[in-house]
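Chemist: Data file upload22.pdb (PDB, C-alpha atoms) is appended below.
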MODEL        1
ATOM      1  CA  LEU I   1      -3.217  -0.529  32.849
ATOM      2  CA  ILE I   2      -0.646  -1.359  30.144
ATOM      3  CA  LEU I   3       1.063   1.968  30.729
ATOM      4  CA  ILE I   4       1.260   1.430  34.504
ATOM      5  CA  ILE I   5       2.644  -2.109  34.144
ATOM      6  CA  CYS I   6       5.257  -1.153  31.566
ATOM      7  CA  LEU I   7       6.368   1.948  33.459
ATOM      8  CA  SER I   8       6.828   0.003  36.684
ATOM      9  CA  VAL I   9       9.079  -2.635  35.089
ATOM     10  CA  ASP I  10      12.502  -1.957  33.580
ATOM     11  CA  LEU I  11      13.092  -4.203  30.588
ATOM     12  CA  ASP I  12      16.719  -3.169  30.243
ATOM     13  CA  GLU I  13      18.779  -1.241  32.787
ATOM     14  CA  GLU I  14      20.963   0.193  30.019
ATOM     15  CA  ARG I  15      17.934   1.492  28.112
ATOM     16  CA  PRO I  16      15.344   2.784  30.596
ATOM     17  CA  LEU I  17      13.192   4.225  27.798
ATOM     18  CA  ALA I  18      12.574   0.747  26.358
ATOM     19  CA  SER I  19       9.729   0.084  28.811
ATOM     20  CA  ARG I  20       8.056   3.364  27.871
ATOM     21  CA  GLY I  21       8.416   2.590  24.180
ATOM     22  CA  LEU I  22       6.932  -0.858  24.745
ATOM     23  CA  ALA I  23       3.990   0.701  26.590
ATOM     24  CA  VAL I  24       3.244   2.981  23.644
ATOM     25  CA  LEU I  25       3.630   0.087  21.207
ATOM     26  CA  LEU I  26       1.225  -2.129  23.153
ATOM     27  CA  ILE I  27      -1.345   0.628  23.636
ATOM     28  CA  VAL I  28      -1.336   1.578  19.960
ATOM     29  CA  ALA I  29      -1.421  -2.089  18.891
ATOM     30  CA  LEU I  30      -4.368  -2.753  21.191
ATOM     31  CA  TRP I  31      -6.251   0.271  19.874
ATOM     32  CA  TRP I  32      -5.375  -0.726  16.321
ATOM     33  CA  LEU I  33      -6.649  -4.284  16.729
ATOM     34  CA  THR I  34      -9.802  -3.419  18.657
ATOM     35  CA  GLU I  35     -10.492  -0.252  16.640
ATOM     36  CA  VAL I  36     -11.485   1.637  19.786
ATOM     37  CA  LEU I  37     -10.439   4.724  17.854
ATOM     38  CA  PRO I  38     -10.277   5.083  14.073
ATOM     39  CA  LEU I  39      -7.066   3.600  12.688
ATOM     40  CA  THR I  40      -5.855   6.986  11.472
ATOM     41  CA  VAL I  41      -6.134   8.400  14.989
ATOM     42  CA  SER I  42      -4.469   5.360  16.582
ATOM     43  CA  SER I  43      -1.567   5.491  14.146
ATOM     44  CA  LEU I  44      -0.791   9.094  15.096
ATOM     45  CA  PHE I  45      -0.793   8.484  18.851
ATOM     46  CA  PRO I  46       2.972   7.761  19.038
ATOM     47  CA  ILE I  47       3.543  11.363  17.919
ATOM     48  CA  VAL I  48       1.777  12.481  21.098
ATOM     49  CA  LEU I  49       2.800   9.732  23.541
ATOM     50  CA  TYR I  50       6.541   9.468  22.775
ATOM     51  CA  PRO I  51       7.288  13.120  23.645
ATOM     52  CA  LEU I  52       5.003  12.965  26.717
ATOM     53  CA  LEU I  53       6.897   9.923  28.013
ATOM     54  CA  ALA I  54      10.284  11.386  26.908
ATOM     55  CA  VAL I  55      10.981   8.447  24.602
ATOM     56  CA  ALA I  56      11.779  10.643  21.602
ATOM     57  CA  THR I  57      11.757  14.300  20.672
ATOM     58  CA  PRO I  58       9.010  15.723  18.462
ATOM     59  CA  SER I  59      11.521  16.635  15.751
ATOM     60  CA  ALA I  60      12.869  13.067  15.610
ATOM     61  CA  LEU I  61       9.335  11.724  15.290
ATOM     62  CA  ALA I  62       8.333  14.279  12.682
ATOM     63  CA  SER I  63      11.246  13.250  10.484
ATOM     64  CA  LYS I  64      10.006   9.637  10.595
ATOM     65  CA  PHE I  65       6.272  10.291  10.213
ATOM     66  CA  PHE I  66       6.463  13.160   7.735
ATOM     67  CA  GLY I  67       9.486  12.275   5.611
ATOM     68  CA  GLY I  68       9.724  12.606   1.871
ATOM     69  CA  THR I  69       8.853   8.960   1.304
ATOM     70  CA  SER I  70       5.589   9.340   3.211
ATOM     71  CA  PHE I  71       4.542  12.247   1.036
ATOM     72  CA  LEU I  72       5.621  10.353  -2.070
ATOM     73  CA  PHE I  73       3.162   7.600  -1.167
ATOM     74  CA  VAL I  74       0.422  10.075  -0.290
ATOM     75  CA  GLY I  75       0.883  11.593  -3.746
ATOM     76  CA  GLY I  76       0.609   8.134  -5.291
ATOM     77  CA  PHE I  77      -2.570   7.444  -3.341
ATOM     78  CA  ILE I  78      -4.047  10.747  -4.511
ATOM     79  CA  ILE I  79      -3.241   9.857  -8.118
ATOM     80  CA  GLY I  80      -4.865   6.460  -7.562
ATOM     81  CA  LEU I  81      -8.000   8.067  -6.153
ATOM     82  CA  ALA I  82      -8.155  10.444  -9.119
ATOM     83  CA  ILE I  83      -7.795   7.539 -11.563
ATOM     84  CA  GLU I  84     -10.630   5.700  -9.855
ATOM     85  CA  ARG I  85     -12.811   8.806  -9.433
ATOM     86  CA  TRP I  86     -12.701   9.716 -13.118
ATOM     87  CA  GLY I  87     -12.917   6.129 -14.388
ATOM     88  CA  LEU I  88      -9.533   6.249 -16.093
ATOM     89  CA  HIS I  89      -8.913   2.581 -15.301
ATOM     90  CA  ILE I  90     -12.094   1.642 -17.188
ATOM     91  CA  ARG I  91     -11.090   3.823 -20.122
ATOM     92  CA  ILE I  92      -7.657   2.227 -20.216
ATOM     93  CA  ILE I  93      -9.092  -1.290 -20.365
ATOM     94  CA  CYS I  94     -11.589  -0.238 -23.041
ATOM     95  CA  ALA I  95      -8.747   1.265 -25.088
ATOM     96  CA  VAL I  96      -6.715  -1.930 -24.698
ATOM     97  CA  VAL I  97      -9.609  -4.137 -25.799
ATOM     98  CA  CYS I  98     -10.527  -1.883 -28.726
ATOM     99  CA  ASN I  99      -6.963  -1.478 -30.012
ATOM    100  CA  THR I 100      -5.535  -4.965 -29.613
ATOM    101  CA  GLY I 101      -7.879  -6.914 -31.819
ATOM    102  CA  LYS I 102      -8.952 -10.522 -31.337
ATOM    103  CA  ARG I 103      -5.561 -12.195 -30.887
ATOM    104  CA  PRO I 104      -5.342 -13.499 -27.308
ATOM    105  CA  ASP I 105      -1.581 -12.969 -27.031
ATOM    106  CA  VAL I 106      -1.807  -9.330 -28.100
ATOM    107  CA  LEU I 107      -4.801  -8.779 -25.824
ATOM    108  CA  LEU I 108      -2.894 -10.289 -22.898
ATOM    109  CA  ALA I 109       0.120  -8.098 -23.683
ATOM    110  CA  GLY I 110      -2.161  -5.064 -23.788
ATOM    111  CA  PHE I 111      -3.562  -5.851 -20.339
ATOM    112  CA  MET I 112      -0.073  -6.397 -18.990
ATOM    113  CA  GLY I 113       1.248  -3.176 -20.495
ATOM    114  CA  ALA I 114      -1.612  -1.115 -19.130
ATOM    115  CA  VAL I 115      -1.299  -2.540 -15.616
ATOM    116  CA  PHE I 116       2.498  -2.225 -15.750
ATOM    117  CA  LEU I 117       2.323   1.463 -16.663
ATOM    118  CA  LEU I 118      -0.300   2.228 -14.023
ATOM    119  CA  SER I 119       1.618   0.443 -11.283
ATOM    120  CA  MET I 120       4.640   2.590 -11.986
ATOM    121  CA  TRP I 121       2.778   5.666 -10.729
ATOM    122  CA  ILE I 122       0.478   4.302  -8.051
ATOM    123  CA  SER I 123       1.097   1.483  -5.609
ATOM    124  CA  ASN I 124       1.242  -1.938  -7.235
ATOM    125  CA  THR I 125      -1.342  -3.246  -4.789
ATOM    126  CA  ALA I 126      -3.663  -0.321  -5.497
ATOM    127  CA  THR I 127      -3.233  -0.929  -9.225
ATOM    128  CA  ALA I 128      -4.190  -4.586  -8.956
ATOM    129  CA  VAL I 129      -7.177  -3.751  -6.748
ATOM    130  CA  CYS I 130      -8.255  -0.984  -9.129
ATOM    131  CA  MET I 131      -7.953  -3.050 -12.306
ATOM    132  CA  MET I 132      -9.240  -6.411 -11.110
ATOM    133  CA  PRO I 133     -12.981  -5.560 -11.087
ATOM    134  CA  VAL I 134     -12.747  -4.129 -14.605
ATOM    135  CA  VAL I 135     -10.788  -7.137 -15.859
ATOM    136  CA  HIS I 136     -13.216  -9.495 -14.133
ATOM    137  CA  THR I 137     -16.152  -7.780 -15.843
ATOM    138  CA  PHE I 138     -14.377  -8.163 -19.194
ATOM    139  CA  LEU I 139     -13.673 -11.838 -18.535
ATOM    140  CA  LYS I 140     -17.346 -12.536 -17.761
ATOM    141  CA  GLN I 141     -18.140 -11.596 -21.361
ATOM    142  CA  LEU I 142     -15.895 -14.345 -22.741
ATOM    143  CA  PRO I 143     -17.202 -17.837 -23.510
ATOM    144  CA  ASP I 144     -16.848 -20.560 -20.886
ATOM    145  CA  ASP I 145     -14.314 -22.533 -22.918
ATOM    146  CA  ALA I 146     -11.758 -19.692 -22.601
ATOM    147  CA  HIS I 147     -10.866 -20.626 -19.026
ATOM    148  CA  LYS I 148      -7.118 -20.884 -19.769
ATOM    149  CA  PHE I 149      -7.129 -17.376 -21.216
ATOM    150  CA  LYS I 150      -9.088 -16.105 -18.217
ATOM    151  CA  GLN I 151      -6.521 -17.599 -15.851
ATOM    152  CA  ALA I 152      -3.694 -16.070 -17.854
ATOM    153  CA  VAL I 153      -5.271 -12.605 -17.739
ATOM    154  CA  LEU I 154      -5.861 -12.783 -13.982
ATOM    155  CA  LEU I 155      -2.290 -13.890 -13.349
ATOM    156  CA  SER I 156      -0.927 -11.262 -15.720
ATOM    157  CA  VAL I 157      -2.610  -8.455 -13.780
ATOM    158  CA  GLY I 158      -0.830  -9.452 -10.582
ATOM    159  CA  TRP I 159       2.514 -10.096 -12.250
ATOM    160  CA  SER I 160       2.559  -6.928 -14.300
ATOM    161  CA  ALA I 161       1.529  -4.861 -11.272
ATOM    162  CA  SER I 162       4.443  -6.337  -9.332
ATOM    163  CA  ILE I 163       6.893  -5.782 -12.175
ATOM    164  CA  GLY I 164       5.699  -2.218 -12.716
ATOM    165  CA  GLY I 165       5.892  -1.603  -8.995
ATOM    166  CA  ILE I 166       9.646  -2.118  -8.915
ATOM    167  CA  ALA I 167      10.219   0.360 -11.753
ATOM    168  CA  THR I 168       9.738   3.571  -9.723
ATOM    169  CA  PRO I 169      10.099   4.594  -6.065
ATOM    170  CA  VAL I 170       6.338   5.087  -5.683
ATOM    171  CA  GLY I 171       5.436   1.753  -7.274
ATOM    172  CA  THR I 172       5.756  -0.234  -4.061
ATOM    173  CA  PRO I 173       6.462   0.798  -0.465
ATOM    174  CA  THR I 174       9.640  -1.282  -0.247
ATOM    175  CA  ASN I 175      11.272   0.878  -2.916
ATOM    176  CA  GLY I 176      10.786   3.987  -0.819
ATOM    177  CA  ILE I 177      11.990   2.246   2.316
ATOM    178  CA  PHE I 178      15.115   1.097   0.465
ATOM    179  CA  LEU I 179      15.776   4.627  -0.767
ATOM    180  CA  ASP I 180      15.388   6.035   2.740
ATOM    181  CA  GLN I 181      17.649   3.429   4.308
ATOM    182  CA  TYR I 182      20.462   3.141   1.814
ATOM    183  CA  LEU I 183      20.524   6.022  -0.633
ATOM    184  CA  VAL I 184      19.413   9.130   1.210
TER
ENDMDL
END
In structure tokens, write the structure found in this file.

Modeler:
Amino acid sequence: LILIICLSVDLDEERPLASRGLAVLLIVALWWLTEVLPLTVSSLFPIVLYPLLAVATPSALASKFFGGTSFLFVGGFIIGLAIERWGLHIRIICAVVCNTGKRPDVLLAGFMGAVFLLSMWISNTATAVCMMPVVHTFLKQLPDDAHKFKQAVLLSVGWSASIGGIATPVGTPTNGIFLDQYLV
């Protein structure tokens, strides 16, 4: 129905393909929101629909969907999965706790350094999500009167993941987008 409506109406006489592009956008957005199909399948539908409706050529789409930045992020996700699969994030936190001693400032710096280094090589969001359960488990072991230290550690995980994320192209998606747009 969306396809029929959009194909029967010209949004712009100068750009007749705009209506077809809008139809694909609305169909994919509807499938994405309702999850009629798995999200991975819905996200790949423009590769099929744009050439069928003559909106774009397959080679133009392939350069957008399968560019170097996309594979850079896939590599980062694979590294993140490997870190989680083999429990490296737990080992890192254990090493930080064992090697920093009892000083809260050094312990906080150890947490920040570990999260910073991890977020340089996997997505900063994935780093925070990966480390937060381990940090939370550690913080449960502390006495109740250490609530200020607990708050500082939780905030430091997010901040250091963000700071580490801007250090490398794979650290956050915006770095890769910037490289694609302005440097490549």

Chemist: To test your reading of the syntax: which residues would the PyMOL selection byres ((chain I and resi 21-34) around 8) return for the file shown? Reply as a ChimeraX atom specification.

Modeler: /I:2-3,6-7,17-20,35-39,42-43,45-46,49-50,55

Chemist: If you measure from CA of Gly110 (chain I) to CA of Val135 (chain I), what distance in Å do you get, rounded to one decimal?

Modeler: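 About the pair CA of Gly110 (chain I) and CA of Val135 (chain I): they are 11.9 Å apart.
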
Chemist: Tell me which protein, DNA and RNA residues are within 12 Å of Phe138 (chain I), counting only C-alpha atoms, leaving out same-chain ones fewer than 6 positions away, and put them as a ChimeraX atom specification.

Modeler: /I:90,93-94,96-97,107,111,131-132,149-150,153-154

Chemist: Report as an MDAnalysis selection string the residues that result from applying the PyMOL selection byres ((chain I and resi 180) around 12) to the structure here.

Modeler: chainID I and resid 63:64 67:70 72 169 173:179 181:184

Chemist: Carefully work through the PyMOL selection byres ((chain I and resi 118) around 9) for this structure and note down the residues it includes, as a list in words.

Modeler: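 Checking the PyMOL selection byres ((chain I and resi 118) around 9) against this file, the residues are Gly80, His89, Gly113, Ala114, Val115, Phe116, Leu117, Ser119, Met120, Trp121, Ile122, Ser123, Asn124, Thr127, Ala161, Gly164, Gly165 and Gly171 of chain I.
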
Chemist: Please measure the separation of CA of Lys102 (chain I) and CA of Lys140 (chain I), giving the value in Å to one decimal.

Modeler: 16.1 Å

Chemist: Distance CA of Cys130 (chain I)-CA of Leu44 (chain I), one decimal place?

Modeler: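 CA of Leu44 (chain I) lies 27.3 Å from CA of Cys130 (chain I).
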
Chemist: Please define a box with edges along x, y and z of the file around all atoms of region 152-156 of chain I given in the file, extend it by 5 Å on each side, and return its centre and edge lengths in Å to one decimal, as AutoDock Vina command-line options.

Modeler:
--center_x -3.4 --center_y -13.7 --center_z -15.6 --size_x 14.9 --size_y 14.8 --size_z 14.5

Chemist: Of the residues I:Ala95, I:Met112, I:Leu139, I:Val170, which is the one nearest to Gly158 (chain I), using only C-alpha atoms?

Modeler: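 Checking each of I:Ala95, I:Met112, I:Leu139, I:Val170 against Gly158 (chain I), counting only C-alpha atoms, the winner is I:Met112.
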
Chemist: Could you list, as a list in words, every residue within 12 Å of Leu81 (chain I), counting all atoms listed in the file and ignoring same-chain residues fewer than 2 positions away?

Modeler: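 Neighbouring residues, sequence-local ones excluded: Val74, Gly75, Gly76, Phe77, Ile78, Ile79, Ile83, Glu84, Arg85, Trp86, Gly87, Leu88, His89, Trp121, Ile122, Ser123, Ala126, Thr127, Val129 and Cys130 of chain I.
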
Chemist: I:Gln141, I:Ser162, I:Thr100, I:Thr57: which is nearest Thr125 (chain I), counting all atoms listed in the file?

Modeler: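 So, comparing all the options, the nearest one is I:Ser162.
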
Chemist: Could you add the missing atoms to region 157-177 of chain I, up to N, CA and C atoms, and return them as a compact mmCIF listing (two decimals), in the coordinates of the input?

Modeler:
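What landed in part.txt:
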# COMPACT_ATOMS: atom_id res chain seq x y z
N VAL I 157 -2.35 -9.71 -14.50
CA VAL I 157 -2.61 -8.46 -13.78
C VAL I 157 -1.72 -8.38 -12.54
N GLY I 158 -1.67 -9.45 -11.78
CA GLY I 158 -0.83 -9.45 -10.58
C GLY I 158 0.65 -9.35 -10.91
N TRP I 159 1.10 -10.12 -11.89
CA TRP I 159 2.51 -10.10 -12.25
C TRP I 159 2.95 -8.74 -12.80
N SER I 160 2.16 -8.20 -13.70
CA SER I 160 2.56 -6.93 -14.30
C SER I 160 2.47 -5.78 -13.29
N ALA I 161 1.56 -5.87 -12.33
CA ALA I 161 1.53 -4.86 -11.27
C ALA I 161 2.78 -4.96 -10.40
N SER I 162 3.22 -6.16 -10.12
CA SER I 162 4.44 -6.34 -9.33
C SER I 162 5.67 -5.86 -10.10
N ILE I 163 5.74 -6.19 -11.37
CA ILE I 163 6.89 -5.78 -12.18
C ILE I 163 6.91 -4.26 -12.35
N GLY I 164 5.77 -3.67 -12.60
CA GLY I 164 5.70 -2.22 -12.72
C GLY I 164 5.99 -1.53 -11.40
N GLY I 165 5.66 -2.19 -10.31
CA GLY I 165 5.89 -1.60 -8.99
C GLY I 165 7.35 -1.42 -8.66
N ILE I 166 8.22 -2.27 -9.23
CA ILE I 166 9.65 -2.12 -8.91
C ILE I 166 10.34 -1.13 -9.84
N ALA I 167 9.61 -0.54 -10.78
CA ALA I 167 10.22 0.36 -11.75
C ALA I 167 10.42 1.78 -11.22
N THR I 168 9.63 2.21 -10.25
CA THR I 168 9.74 3.57 -9.72
C THR I 168 9.68 3.53 -8.20
N PRO I 169 10.15 4.58 -7.53
CA PRO I 169 10.10 4.59 -6.06
C PRO I 169 8.69 4.54 -5.50
N VAL I 170 7.70 5.06 -6.21
CA VAL I 170 6.34 5.09 -5.68
C VAL I 170 5.58 3.80 -6.00
N GLY I 171 6.13 2.95 -6.83
CA GLY I 171 5.44 1.75 -7.27
C GLY I 171 5.13 0.75 -6.18
N THR I 172 5.98 0.67 -5.19
CA THR I 172 5.76 -0.23 -4.06
C THR I 172 6.44 0.35 -2.83
N PRO I 173 5.87 0.19 -1.66
CA PRO I 173 6.46 0.80 -0.46
C PRO I 173 7.90 0.38 -0.20
N THR I 174 8.27 -0.84 -0.53
CA THR I 174 9.64 -1.28 -0.25
C THR I 174 10.68 -0.48 -1.02
N ASN I 175 10.32 0.03 -2.18
CA ASN I 175 11.27 0.88 -2.92
C ASN I 175 11.59 2.14 -2.13
N GLY I 176 10.58 2.78 -1.61
CA GLY I 176 10.79 3.99 -0.82
C GLY I 176 11.55 3.73 0.45
N ILE I 177 11.26 2.60 1.09
CA ILE I 177 11.99 2.25 2.32
C ILE I 177 13.46 2.01 1.99
